[in-house]
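A quick write-up on the structure given underneath.
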Amino acid sequence: MRHKHMAQRADRSRQALRYGWMALCLLWAAAPLYLPAYYLTIANHIGMVALVALGLVLMTGVAGLTSFGQAAFVGLGAYVSAVLTTTYGLSPWLGLLAVVVVTVSIAFALGAITLRLSGHYLPLGTIAWGLSLYFLFGNLEILGGHTGLSSIPPIEAFGYGLKSAASIYYLIWVVLFLAIVLSDNLLHSREGRAIRALKGGVIVAESMGVNTARSKMIVFLLAALYAGISGWIYAHYQRFVNPSPFSLHIGIEYLFMAVLGGATQVWGALLGAGLVTLLKEWLQDLLPRLLGSSGNFETIIFGLFLVLLLQHAPKGLWPHVERLFRRSSFKSQKIDPIQASINDTNHTDLSAAVLPKRLRQSGTSADYLLEARGLEKRFGGLIANQDISLGLRPSEILALIGPNGAGKSTLFDLLTGVQKLDAGTIYFSGEAIHGRRARDIARLGLSRSFQHVRLLPEMSVLENIALGAHLRGRHGPLRAALHLEREEERALINEARNQAIRVGLSDVMHVPAGSLALGQQRTLEIARALAGDPLALLLDEPAAGLRFGEKQKLADLLRALRADGLAILLVEHDMAFVMNLADRVVVMEHGVVIAQGEPARIQKDPRVIEAYLGVDLS
Ligand code: ADP
Ligand code: MG
């Protein structure tokens, strides 16, 4: 009954929302009819800068790559088309083609150098090329130096020159809306999850099989492309270009817009661009009248505004705007349609395709699936792992125990390629994996969880799990932006859903991962690892923070996985838990293995008892 009532209410508010949208669309389409010329010009300006800000939302807000240099890409787009259409008489549409090719190529070259930089060096790098491109615009003879280029032809559409503010209005806003929709599509796809994962750090993304260098490059190129296209429109709308709108100062302003609007939301770009532009106009008008002299006072006020705002709304304004409109039923609207379609029942989406699974041998085998020999890892003078050898068989739970600082997590990092080993060999599934990258090892079917949980707290539980299935999809960013990969996406989400159910997280699938209790976050890490269809699972203290009942459930799950043929290497401190569950135990202390064997034998080993002095092993 209650469900039915809620569904009706959701239906009604969905309908209200649709009418709201339709009214907005009408208002938008009719704007040139009722907006005075001055405001139409401002609307056009907002549309053009919002396109640049959108690129920054993706790059800085979503992927965490700060760029101060976006204005330079706007300039690149403007100048490339300006030169080709004035000096060489090309049509602006061919100019656009050249803009796309040139912007993407130059961005690729700049990205290849700068995106490798980490921490503060990346923004500094963007400042560096932002400045150089700006000075290039001012100093090249062919670009008209500081005077710039004039008599740029207007863009022609349907045999009609888009000269007036009213005619270019439609071009600008259609391009902007398209870009927003395509970007939103991209973010809600497998590639988008990889891009969003960048913010959580390279380690977890690479461990899930994401090629982080590629994902960074994708957002960087997209942001540059949006900026270039904005510049192209600008040049043919103003019919004149000079270097000043492409300076570092303006680059910073674009970043303001993205941050102000709401760094992670595509619509935030529009909000930020609108607010900054209107506020600037208003202040430029107001301040000289108040202060009785002219000058760039607005910049000062503006800086103060921004500092205050960042203090009170660090995630920008969009989340606040959204909250104003949001009702509980509206919330489900924000969820990916694929998730929503399978939202109502607790069963799997039967119409979704099933992802192919790895071939695995059934039953136990004497051969090791994962075998390490003589592993060594030093951190400066500290030997964290020394001459470590162990083997893990299919359908086996091998427990790794030892006091804190024994080197267990380091060993996990060596086995999964997160850390480089100093010596030793590792074979997995018959292949040498020592020296390989984390994502290549993940591809072979070795999945892991982290002792210090590494989740994307703002992404839903389901999306976090789906990230683990990254390597099981293949469609690229273009198909994702056009939503041509929906079949595959359904299969991926369905897989994530199955894993959520399997580990007992089905009630919280749609909540942000960051809102889970720590024990559940660890369980989520297991589900994420399972989504990769692994042959072996490396779990670093999965039971820490779990209550007794939850631990029992975890033990049941691990036994079921073992029965499915999975090999499990498990770090755990709870001895009762370990001794009940494990087939064999490896004990480490001070970076070396001090004992290994069956639980019963380990419990009696004098060296182990000494290492655990005071800890009851039974
Ligand atoms: P365990 O997981 O068994 O508690 P760890 O593998 O985390 O132990 O750590 C083993 C030793 O290596 C500790 O002394 C720790 O301080 C050191 N260590 C781990 N990671 C690093 C690192 N990245 N840099 C320097 N020392 C490290
Ligand atoms: Mg550890």
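Each chain in the structure tokens gets a letter, A, B, ..., in the order shown, and its residues are numbered from 1; ligands are numbered from 1 in order too.
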
Inset, instruction - Around ligand 2, at most 8 Å away and counting only C-alpha atoms and all ligand atoms, which residues are there? Put them as a list in words, please. - result: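 Listed by chain and ascending number, the contacts are Asn404, Gly405, Ala406, Gly407, Lys408, Ser409, Thr410, Gln451, Asp540, Glu541 and Val571 of chain A.
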
Would you save the residues of that selection, restricted to N, CA, C and O atoms, as a PDB file, in the first residue's frame?
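Result went into selection.pdb, see below:
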```pdb
ATOM      1  N   ASN A 404      51.205  -5.848  13.852  1.00  0.00           N
ATOM      2  CA  ASN A 404      51.232  -4.630  13.045  1.00  0.00           C
ATOM      3  C   ASN A 404      52.652  -4.296  12.618  1.00  0.00           C
ATOM      4  O   ASN A 404      53.571  -4.413  13.411  1.00  0.00           O
ATOM      5  N   GLY A 405      52.801  -3.914  11.400  1.00  0.00           N
ATOM      6  CA  GLY A 405      54.128  -3.547  10.916  1.00  0.00           C
ATOM      7  C   GLY A 405      54.939  -4.735  10.443  1.00  0.00           C
ATOM      8  O   GLY A 405      56.103  -4.601  10.075  1.00  0.00           O
ATOM      9  N   ALA A 406      54.332  -5.923  10.414  1.00  0.00           N
ATOM     10  CA  ALA A 406      55.064  -7.120   9.996  1.00  0.00           C
ATOM     11  C   ALA A 406      55.379  -7.107   8.507  1.00  0.00           C
ATOM     12  O   ALA A 406      56.293  -7.796   8.054  1.00  0.00           O
ATOM     13  N   GLY A 407      54.606  -6.344   7.732  1.00  0.00           N
ATOM     14  CA  GLY A 407      54.858  -6.269   6.300  1.00  0.00           C
ATOM     15  C   GLY A 407      53.781  -6.929   5.455  1.00  0.00           C
ATOM     16  O   GLY A 407      53.975  -7.166   4.265  1.00  0.00           O
ATOM     17  N   LYS A 408      52.614  -7.174   6.049  1.00  0.00           N
ATOM     18  CA  LYS A 408      51.541  -7.879   5.320  1.00  0.00           C
ATOM     19  C   LYS A 408      50.970  -7.019   4.188  1.00  0.00           C
ATOM     20  O   LYS A 408      50.827  -7.485   3.043  1.00  0.00           O
ATOM     21  N   SER A 409      50.648  -5.766   4.507  1.00  0.00           N
ATOM     22  CA  SER A 409      50.082  -4.895   3.469  1.00  0.00           C
ATOM     23  C   SER A 409      51.096  -4.628   2.369  1.00  0.00           C
ATOM     24  O   SER A 409      50.744  -4.534   1.187  1.00  0.00           O
ATOM     25  N   THR A 410      52.356  -4.519   2.766  1.00  0.00           N
ATOM     26  CA  THR A 410      53.401  -4.325   1.760  1.00  0.00           C
ATOM     27  C   THR A 410      53.430  -5.522   0.809  1.00  0.00           C
ATOM     28  O   THR A 410      53.540  -5.359  -0.412  1.00  0.00           O
ATOM     29  N   GLN A 451      43.487  -2.222   3.027  1.00  0.00           N
ATOM     30  CA  GLN A 451      43.343  -2.132   4.475  1.00  0.00           C
ATOM     31  C   GLN A 451      42.717  -0.792   4.865  1.00  0.00           C
ATOM     32  O   GLN A 451      41.794  -0.734   5.668  1.00  0.00           O
ATOM     33  N   ASP A 540      42.656  -7.427   2.596  1.00  0.00           N
ATOM     34  CA  ASP A 540      43.487  -6.895   3.673  1.00  0.00           C
ATOM     35  C   ASP A 540      42.604  -6.437   4.837  1.00  0.00           C
ATOM     36  O   ASP A 540      41.988  -5.385   4.778  1.00  0.00           O
ATOM     37  N   GLU A 541      42.525  -7.240   5.859  1.00  0.00           N
ATOM     38  CA  GLU A 541      41.735  -6.984   7.064  1.00  0.00           C
ATOM     39  C   GLU A 541      40.265  -6.654   6.764  1.00  0.00           C
ATOM     40  O   GLU A 541      39.761  -5.617   7.174  1.00  0.00           O
ATOM     41  N   VAL A 571      44.251 -11.220   5.193  1.00  0.00           N
ATOM     42  CA  VAL A 571      44.936 -10.717   6.379  1.00  0.00           C
ATOM     43  C   VAL A 571      43.892 -10.495   7.447  1.00  0.00           C
ATOM     44  O   VAL A 571      42.863  -9.875   7.189  1.00  0.00           O
TER      45      VAL A 571
END
```

Inset, instruction - Write out as a list in words each polymer residue whose atoms come within 7 Å of A:Glu396, counting only C-alpha atoms; drop sequence neighbours fewer than 2 positions from it. - result: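 The contact residues come out as Arg393, Pro394, Leu398, Arg562, Ala567, Ile568 and Asp583 of chain A.
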
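Between atom CA of A:Ile388 and atom 17 (C, counted along the ligand's line) of ligand 1 there is a distance of 15.4 Å.
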
Which polymer residues have any atom within 8 Å of an atom of stretch 162-178 of chain A, counting only C-alpha atoms, with same-chain residues fewer than 4 positions away left out, as a PDB file with all heavy atoms, in the first residue's frame?
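Final file, part14.pdb:
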```pdb
ATOM      1  N   ALA A  29      13.580  29.194 -25.705  1.00  0.00           N
ATOM      2  CA  ALA A  29      13.474  29.331 -27.155  1.00  0.00           C
ATOM      3  C   ALA A  29      12.951  30.710 -27.548  1.00  0.00           C
ATOM      4  O   ALA A  29      13.313  31.246 -28.591  1.00  0.00           O
ATOM      5  CB  ALA A  29      12.572  28.237 -27.716  1.00  0.00           C
ATOM      6  N   PRO A  32      14.970  35.435 -27.522  1.00  0.00           N
ATOM      7  CA  PRO A  32      15.287  36.547 -28.426  1.00  0.00           C
ATOM      8  C   PRO A  32      14.078  37.447 -28.692  1.00  0.00           C
ATOM      9  O   PRO A  32      14.246  38.597 -29.101  1.00  0.00           O
ATOM     10  CB  PRO A  32      15.738  35.840 -29.703  1.00  0.00           C
ATOM     11  CG  PRO A  32      16.229  34.523 -29.242  1.00  0.00           C
ATOM     12  CD  PRO A  32      15.328  34.136 -28.104  1.00  0.00           C
ATOM     13  N   ALA A  37      18.162  43.717 -26.234  1.00  0.00           N
ATOM     14  CA  ALA A  37      19.430  43.379 -26.895  1.00  0.00           C
ATOM     15  C   ALA A  37      20.569  43.238 -25.892  1.00  0.00           C
ATOM     16  O   ALA A  37      21.391  42.319 -25.992  1.00  0.00           O
ATOM     17  CB  ALA A  37      19.772  44.434 -27.941  1.00  0.00           C
ATOM     18  N   LEU A  40      20.359  39.981 -24.160  1.00  0.00           N
ATOM     19  CA  LEU A  40      20.607  38.888 -25.095  1.00  0.00           C
ATOM     20  C   LEU A  40      22.120  38.704 -25.284  1.00  0.00           C
ATOM     21  O   LEU A  40      22.628  37.585 -25.335  1.00  0.00           O
ATOM     22  CB  LEU A  40      19.921  39.187 -26.428  1.00  0.00           C
ATOM     23  CG  LEU A  40      19.672  37.967 -27.298  1.00  0.00           C
ATOM     24  CD1 LEU A  40      18.799  36.954 -26.578  1.00  0.00           C
ATOM     25  CD2 LEU A  40      19.020  38.403 -28.604  1.00  0.00           C
ATOM     26  N   THR A  41      22.806  39.844 -25.378  1.00  0.00           N
ATOM     27  CA  THR A  41      24.262  39.785 -25.503  1.00  0.00           C
ATOM     28  C   THR A  41      24.865  39.104 -24.283  1.00  0.00           C
ATOM     29  O   THR A  41      25.766  38.265 -24.400  1.00  0.00           O
ATOM     30  CB  THR A  41      24.846  41.208 -25.611  1.00  0.00           C
ATOM     31  OG1 THR A  41      24.068  41.922 -26.562  1.00  0.00           O
ATOM     32  CG2 THR A  41      26.290  41.175 -26.043  1.00  0.00           C
ATOM     33  N   ALA A  43      23.337  36.979 -22.339  1.00  0.00           N
ATOM     34  CA  ALA A  43      22.973  35.557 -22.403  1.00  0.00           C
ATOM     35  C   ALA A  43      23.940  34.813 -23.319  1.00  0.00           C
ATOM     36  O   ALA A  43      24.378  33.695 -23.005  1.00  0.00           O
ATOM     37  CB  ALA A  43      21.538  35.401 -22.899  1.00  0.00           C
ATOM     38  N   ASN A  44      24.285  35.415 -24.435  1.00  0.00           N
ATOM     39  CA  ASN A  44      25.228  34.779 -25.352  1.00  0.00           C
ATOM     40  C   ASN A  44      26.591  34.592 -24.699  1.00  0.00           C
ATOM     41  O   ASN A  44      27.230  33.553 -24.829  1.00  0.00           O
ATOM     42  CB  ASN A  44      25.383  35.622 -26.624  1.00  0.00           C
ATOM     43  CG  ASN A  44      24.182  35.452 -27.524  1.00  0.00           C
ATOM     44  OD1 ASN A  44      23.428  34.495 -27.384  1.00  0.00           O
ATOM     45  ND2 ASN A  44      23.984  36.396 -28.426  1.00  0.00           N
ATOM     46  N   GLY A  47      26.466  31.752 -22.284  1.00  0.00           N
ATOM     47  CA  GLY A  47      26.501  30.463 -22.973  1.00  0.00           C
ATOM     48  C   GLY A  47      27.910  30.095 -23.405  1.00  0.00           C
ATOM     49  O   GLY A  47      28.351  28.950 -23.241  1.00  0.00           O
ATOM     50  N   MET A  48      28.634  31.089 -23.942  1.00  0.00           N
ATOM     51  CA  MET A  48      29.987  30.800 -24.427  1.00  0.00           C
ATOM     52  C   MET A  48      30.929  30.454 -23.283  1.00  0.00           C
ATOM     53  O   MET A  48      31.723  29.513 -23.377  1.00  0.00           O
ATOM     54  CB  MET A  48      30.532  32.006 -25.208  1.00  0.00           C
ATOM     55  CG  MET A  48      29.917  32.135 -26.590  1.00  0.00           C
ATOM     56  SD  MET A  48      30.732  33.371 -27.606  1.00  0.00           S
ATOM     57  CE  MET A  48      30.227  34.880 -26.812  1.00  0.00           C
ATOM     58  N   ALA A  50      30.061  29.382 -20.342  1.00  0.00           N
ATOM     59  CA  ALA A  50      29.609  28.169 -19.645  1.00  0.00           C
ATOM     60  C   ALA A  50      30.196  26.923 -20.311  1.00  0.00           C
ATOM     61  O   ALA A  50      30.481  25.922 -19.642  1.00  0.00           O
ATOM     62  CB  ALA A  50      28.091  28.095 -19.629  1.00  0.00           C
ATOM     63  N   LEU A  51      30.389  26.989 -21.630  1.00  0.00           N
ATOM     64  CA  LEU A  51      30.960  25.851 -22.348  1.00  0.00           C
ATOM     65  C   LEU A  51      32.391  25.584 -21.856  1.00  0.00           C
ATOM     66  O   LEU A  51      32.793  24.433 -21.658  1.00  0.00           O
ATOM     67  CB  LEU A  51      30.943  26.138 -23.851  1.00  0.00           C
ATOM     68  CG  LEU A  51      31.325  24.996 -24.776  1.00  0.00           C
ATOM     69  CD1 LEU A  51      30.424  23.795 -24.569  1.00  0.00           C
ATOM     70  CD2 LEU A  51      31.281  25.449 -26.238  1.00  0.00           C
ATOM     71  N   PRO A 154      31.078  36.131 -40.359  1.00  0.00           N
ATOM     72  CA  PRO A 154      30.172  35.435 -39.430  1.00  0.00           C
ATOM     73  C   PRO A 154      29.990  33.980 -39.856  1.00  0.00           C
ATOM     74  O   PRO A 154      30.251  33.619 -41.005  1.00  0.00           O
ATOM     75  CB  PRO A 154      28.860  36.199 -39.579  1.00  0.00           C
ATOM     76  CG  PRO A 154      28.913  36.743 -40.966  1.00  0.00           C
ATOM     77  CD  PRO A 154      30.349  37.024 -41.279  1.00  0.00           C
ATOM     78  N   ILE A 155      29.519  33.170 -38.925  1.00  0.00           N
ATOM     79  CA  ILE A 155      29.186  31.784 -39.248  1.00  0.00           C
ATOM     80  C   ILE A 155      27.916  31.806 -40.088  1.00  0.00           C
ATOM     81  O   ILE A 155      27.001  32.584 -39.814  1.00  0.00           O
ATOM     82  CB  ILE A 155      28.936  30.988 -37.960  1.00  0.00           C
ATOM     83  CG1 ILE A 155      30.212  30.942 -37.118  1.00  0.00           C
ATOM     84  CG2 ILE A 155      28.455  29.571 -38.269  1.00  0.00           C
ATOM     85  CD1 ILE A 155      29.982  30.513 -35.686  1.00  0.00           C
ATOM     86  N   GLU A 156      27.884  30.982 -41.146  1.00  0.00           N
ATOM     87  CA  GLU A 156      26.665  30.928 -41.946  1.00  0.00           C
ATOM     88  C   GLU A 156      25.921  29.634 -41.686  1.00  0.00           C
ATOM     89  O   GLU A 156      26.521  28.575 -41.583  1.00  0.00           O
ATOM     90  CB  GLU A 156      27.008  31.043 -43.435  1.00  0.00           C
ATOM     91  CG  GLU A 156      27.542  32.403 -43.777  1.00  0.00           C
ATOM     92  CD  GLU A 156      27.292  32.773 -45.234  1.00  0.00           C
ATOM     93  OE1 GLU A 156      26.599  32.007 -45.937  1.00  0.00           O
ATOM     94  OE2 GLU A 156      27.797  33.836 -45.644  1.00  0.00           O
ATOM     95  N   ALA A 157      24.627  29.754 -41.534  1.00  0.00           N
ATOM     96  CA  ALA A 157      23.802  28.562 -41.366  1.00  0.00           C
ATOM     97  C   ALA A 157      22.563  28.726 -42.226  1.00  0.00           C
ATOM     98  O   ALA A 157      21.914  29.778 -42.198  1.00  0.00           O
ATOM     99  CB  ALA A 157      23.416  28.383 -39.902  1.00  0.00           C
ATOM    100  N   LEU A 182      25.920  15.431 -23.480  1.00  0.00           N
ATOM    101  CA  LEU A 182      26.952  14.445 -23.813  1.00  0.00           C
ATOM    102  C   LEU A 182      27.884  14.207 -22.623  1.00  0.00           C
ATOM    103  O   LEU A 182      28.276  13.073 -22.337  1.00  0.00           O
ATOM    104  CB  LEU A 182      27.760  14.900 -25.029  1.00  0.00           C
ATOM    105  CG  LEU A 182      27.005  14.951 -26.360  1.00  0.00           C
ATOM    106  CD1 LEU A 182      27.922  15.372 -27.495  1.00  0.00           C
ATOM    107  CD2 LEU A 182      26.381  13.598 -26.677  1.00  0.00           C
ATOM    108  N   ILE A 233      33.232  30.125 -31.697  1.00  0.00           N
ATOM    109  CA  ILE A 233      31.993  30.909 -31.741  1.00  0.00           C
ATOM    110  C   ILE A 233      32.284  32.375 -31.421  1.00  0.00           C
ATOM    111  O   ILE A 233      31.827  33.285 -32.114  1.00  0.00           O
ATOM    112  CB  ILE A 233      30.950  30.353 -30.733  1.00  0.00           C
ATOM    113  CG1 ILE A 233      30.593  28.908 -31.070  1.00  0.00           C
ATOM    114  CG2 ILE A 233      29.691  31.214 -30.746  1.00  0.00           C
ATOM    115  CD1 ILE A 233      29.628  28.262 -30.092  1.00  0.00           C
ATOM    116  N   TYR A 237      31.493  35.615 -33.745  1.00  0.00           N
ATOM    117  CA  TYR A 237      30.403  36.433 -33.219  1.00  0.00           C
ATOM    118  C   TYR A 237      30.891  37.870 -33.024  1.00  0.00           C
ATOM    119  O   TYR A 237      30.287  38.833 -33.507  1.00  0.00           O
ATOM    120  CB  TYR A 237      29.929  35.814 -31.906  1.00  0.00           C
ATOM    121  CG  TYR A 237      28.894  36.578 -31.136  1.00  0.00           C
ATOM    122  CD1 TYR A 237      27.920  37.351 -31.772  1.00  0.00           C
ATOM    123  CD2 TYR A 237      28.873  36.518 -29.741  1.00  0.00           C
ATOM    124  CE1 TYR A 237      26.964  38.034 -31.023  1.00  0.00           C
ATOM    125  CE2 TYR A 237      27.929  37.195 -29.004  1.00  0.00           C
ATOM    126  CZ  TYR A 237      26.981  37.958 -29.655  1.00  0.00           C
ATOM    127  OH  TYR A 237      26.050  38.631 -28.918  1.00  0.00           O
TER     128      TYR A 237
END
```

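If you measure from each of A:Leu414, A:Ile152, A:Leu505, A:Val259 to A:Gly316 using only C-alpha atoms, the closest one turns out to be A:Val259.
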
Legend entry - Distance in Å - atom CA of A:Leu58 versus atom CA of A:Pro92: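 So the answer is 27.4 Å.
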
Inset, instruction - For A:Leu369, list every protein, DNA or RNA residue within 12 Å, evaluated using only C-alpha atoms, and leave out those in the same chain fewer than 3 positions away; present the list as JSON, numbers by chain. - result: {"A": [360, 361, 364, 365, 366, 372, 390, 391, 392, 393, 394, 395, 396, 426, 427, 428, 429, 430, 431, 432, 444, 445, 446, 534, 535, 536, 537, 565, 566, 567, 568, 569]}

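With only C-alpha atoms as the atoms that count, the minimum distance from A:Pro457 to the choices A:Leu411, A:Ala205, A:Ala63, A:Ala197 is reached by A:Ala197.
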
Inset, instruction - Please report, as JSON, numbers by chain, each residue of stretch 424-555 of chain A to which DSSP assigns helix (DSSP H, G or I) when run on this structure's backbone. - result: {"A": [438, 439, 440, 441, 442, 443, 461, 462, 463, 464, 465, 466, 467, 468, 470, 471, 472, 477, 478, 479, 480, 481, 486, 487, 488, 489, 490, 491, 492, 493, 494, 495, 496, 497, 498, 499, 500, 501, 502, 503, 506, 507, 508, 513, 514, 515, 518, 519, 520, 521, 522, 523, 524, 525, 526, 527, 528, 529, 530, 548, 549, 550, 551, 552, 553, 554, 555]}

Just to be explicit: take each residue in the selection above, keep C-alpha atoms, and write the result as a PDB file, in the first residue's frame.
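Output (result_22.pdb):
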```
ATOM      1  CA  ALA A 438      48.640  -3.016 -11.278  1.00  0.00           C
ATOM      2  CA  ARG A 439      46.022  -2.783 -14.024  1.00  0.00           C
ATOM      3  CA  ASP A 440      47.642  -5.530 -16.083  1.00  0.00           C
ATOM      4  CA  ILE A 441      47.717  -7.797 -13.051  1.00  0.00           C
ATOM      5  CA  ALA A 442      44.062  -7.003 -12.355  1.00  0.00           C
ATOM      6  CA  ARG A 443      43.278  -7.988 -15.920  1.00  0.00           C
ATOM      7  CA  VAL A 461      27.599   1.909  -3.551  1.00  0.00           C
ATOM      8  CA  LEU A 462      26.477   0.393  -6.838  1.00  0.00           C
ATOM      9  CA  GLU A 463      28.734   2.623  -8.909  1.00  0.00           C
ATOM     10  CA  ASN A 464      31.681   1.855  -6.659  1.00  0.00           C
ATOM     11  CA  ILE A 465      31.114  -1.840  -7.211  1.00  0.00           C
ATOM     12  CA  ALA A 466      30.673  -1.301 -10.941  1.00  0.00           C
ATOM     13  CA  LEU A 467      34.098   0.294 -11.038  1.00  0.00           C
ATOM     14  CA  GLY A 468      35.447  -3.128 -10.113  1.00  0.00           C
ATOM     15  CA  HIS A 470      35.757  -1.903 -15.407  1.00  0.00           C
ATOM     16  CA  LEU A 471      37.810  -4.445 -17.310  1.00  0.00           C
ATOM     17  CA  ARG A 472      34.721  -6.400 -18.298  1.00  0.00           C
ATOM     18  CA  PRO A 477      34.170   7.526 -24.410  1.00  0.00           C
ATOM     19  CA  LEU A 478      32.511   8.410 -27.711  1.00  0.00           C
ATOM     20  CA  ARG A 479      29.967   5.643 -27.527  1.00  0.00           C
ATOM     21  CA  ALA A 480      29.445   6.448 -23.864  1.00  0.00           C
ATOM     22  CA  ALA A 481      28.748  10.129 -24.600  1.00  0.00           C
ATOM     23  CA  ARG A 486      23.616   1.028 -22.838  1.00  0.00           C
ATOM     24  CA  GLU A 487      23.418  -2.744 -23.303  1.00  0.00           C
ATOM     25  CA  GLU A 488      26.874  -3.186 -21.876  1.00  0.00           C
ATOM     26  CA  GLU A 489      26.190  -0.657 -19.124  1.00  0.00           C
ATOM     27  CA  ARG A 490      23.109  -2.555 -18.066  1.00  0.00           C
ATOM     28  CA  ALA A 491      25.145  -5.707 -17.865  1.00  0.00           C
ATOM     29  CA  LEU A 492      27.834  -3.984 -15.805  1.00  0.00           C
ATOM     30  CA  ILE A 493      25.333  -2.432 -13.410  1.00  0.00           C
ATOM     31  CA  ASN A 494      23.547  -5.730 -13.148  1.00  0.00           C
ATOM     32  CA  GLU A 495      26.795  -7.433 -12.273  1.00  0.00           C
ATOM     33  CA  ALA A 496      27.450  -4.793  -9.606  1.00  0.00           C
ATOM     34  CA  ARG A 497      23.973  -5.352  -8.302  1.00  0.00           C
ATOM     35  CA  ASN A 498      24.481  -9.102  -8.081  1.00  0.00           C
ATOM     36  CA  GLN A 499      27.672  -8.594  -6.129  1.00  0.00           C
ATOM     37  CA  ALA A 500      25.940  -6.145  -3.792  1.00  0.00           C
ATOM     38  CA  ILE A 501      23.294  -8.755  -3.101  1.00  0.00           C
ATOM     39  CA  ARG A 502      25.929 -11.465  -2.696  1.00  0.00           C
ATOM     40  CA  VAL A 503      27.806  -9.582   0.021  1.00  0.00           C
ATOM     41  CA  SER A 506      21.433  -4.789  -1.340  1.00  0.00           C
ATOM     42  CA  ASP A 507      19.652  -2.379   1.019  1.00  0.00           C
ATOM     43  CA  VAL A 508      22.191   0.377   0.554  1.00  0.00           C
ATOM     44  CA  ALA A 513      29.511   4.927  -0.349  1.00  0.00           C
ATOM     45  CA  GLY A 514      30.836   7.512   2.092  1.00  0.00           C
ATOM     46  CA  SER A 515      27.710   7.260   4.212  1.00  0.00           C
ATOM     47  CA  LEU A 518      33.311   1.368   8.124  1.00  0.00           C
ATOM     48  CA  GLY A 519      32.514  -2.342   8.290  1.00  0.00           C
ATOM     49  CA  GLN A 520      30.138  -1.998   5.364  1.00  0.00           C
ATOM     50  CA  GLN A 521      32.724  -0.019   3.439  1.00  0.00           C
ATOM     51  CA  ARG A 522      35.088  -2.953   3.795  1.00  0.00           C
ATOM     52  CA  THR A 523      32.374  -5.283   2.567  1.00  0.00           C
ATOM     53  CA  LEU A 524      31.847  -2.936  -0.366  1.00  0.00           C
ATOM     54  CA  GLU A 525      35.518  -3.336  -1.215  1.00  0.00           C
ATOM     55  CA  ILE A 526      34.998  -7.090  -1.381  1.00  0.00           C
ATOM     56  CA  ALA A 527      32.027  -6.666  -3.708  1.00  0.00           C
ATOM     57  CA  ARG A 528      34.063  -4.323  -5.897  1.00  0.00           C
ATOM     58  CA  ALA A 529      36.868  -6.867  -6.085  1.00  0.00           C
ATOM     59  CA  LEU A 530      34.376  -9.627  -6.911  1.00  0.00           C
ATOM     60  CA  PHE A 548      30.206 -10.502  15.558  1.00  0.00           C
ATOM     61  CA  GLY A 549      27.168 -11.312  13.424  1.00  0.00           C
ATOM     62  CA  GLU A 550      28.651  -9.529  10.435  1.00  0.00           C
ATOM     63  CA  LYS A 551      31.860 -11.466  10.842  1.00  0.00           C
ATOM     64  CA  GLN A 552      29.915 -14.724  10.743  1.00  0.00           C
ATOM     65  CA  LYS A 553      28.290 -13.613   7.513  1.00  0.00           C
ATOM     66  CA  LEU A 554      31.646 -12.657   6.065  1.00  0.00           C
ATOM     67  CA  ALA A 555      33.026 -16.079   6.968  1.00  0.00           C
TER      68      ALA A 555
END
```

Inset, instruction - Counting only C-alpha atoms and all ligand atoms, figure out which residue out of A:Arg214, A:His146, A:His573, A:His120 gets nearest to ligand 1. - result: A:His573

Legend entry - Exercise: A:Thr87 partners within 10 Å, only C-alpha atoms, chain neighbours under 2 positions left out, as a PyMOL selection string: chain A and resi 81-85+89-90+142-143+149+152

Inset, instruction - Counting only C-alpha atoms and all ligand atoms, figure out which residue out of A:Gly476, A:Glu610, A:Lys377, A:Ala543 gets nearest to ligand 1. - result: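 Smallest distance to ligand 1 is found for A:Lys377.
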
Inset, instruction - Select, from A:Leu304, A:Leu317, A:Leu33, A:Ala384, the residue with the minimum atom-to-atom distance to ligand 1, counting only C-alpha atoms and all ligand atoms. - result: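 Among the listed residues, the smallest separation from ligand 1 belongs to A:Ala384.
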
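Neighbouring residues of stretch 66-73 of chain A at 6 Å or closer, counting only C-alpha atoms and skipping chain neighbours under 3 positions away, are Thr60, Leu76, Pro123, Thr126, Ile127, Gly130, Leu133, Ala224, Ala227, Gly228, Phe246, Gly251 and Ile252 of chain A.
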
Inset, instruction - Would you work out the distance separating atom 7 (O, counted along the ligand's line) of ligand 1 from atom CA of A:Thr416, expressed in Å to one decimal? - result: 14.4 Å

Legend entry - Selected residue, from A:Ala107, A:Leu546, A:Ile383, A:Ile218, that lies nearest to ligand 1 when counting only C-alpha atoms and all ligand atoms: A:Ile383

Inset, instruction - as a list in words, please: all residues of stretch 4-196 of chain A that backbone DSSP puts in strand (DSSP E). - result: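 DSSP-assigned strand (DSSP E) residues in stretch 4-196 of chain A: Glu156, Ala157, Tyr160 and Gly161 of chain A.
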
Could you dump the residues just selected with N, CA, C and O atoms as a compact mmCIF listing (two decimals), in the first residue's frame?
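Output file again-v7.txt follows:
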```
# COMPACT_ATOMS: atom_id res chain seq x y z
N GLU A 156 27.88 30.98 -41.15
CA GLU A 156 26.67 30.93 -41.95
C GLU A 156 25.92 29.63 -41.69
O GLU A 156 26.52 28.57 -41.58
N ALA A 157 24.63 29.75 -41.53
CA ALA A 157 23.80 28.56 -41.37
C ALA A 157 22.56 28.73 -42.23
O ALA A 157 21.91 29.78 -42.20
N TYR A 160 22.36 31.81 -44.19
CA TYR A 160 22.04 33.02 -43.46
C TYR A 160 23.18 33.30 -42.48
O TYR A 160 23.57 32.43 -41.70
N GLY A 161 23.78 34.49 -42.54
CA GLY A 161 24.90 34.82 -41.66
C GLY A 161 24.44 35.08 -40.24
O GLY A 161 23.52 35.86 -40.01
```
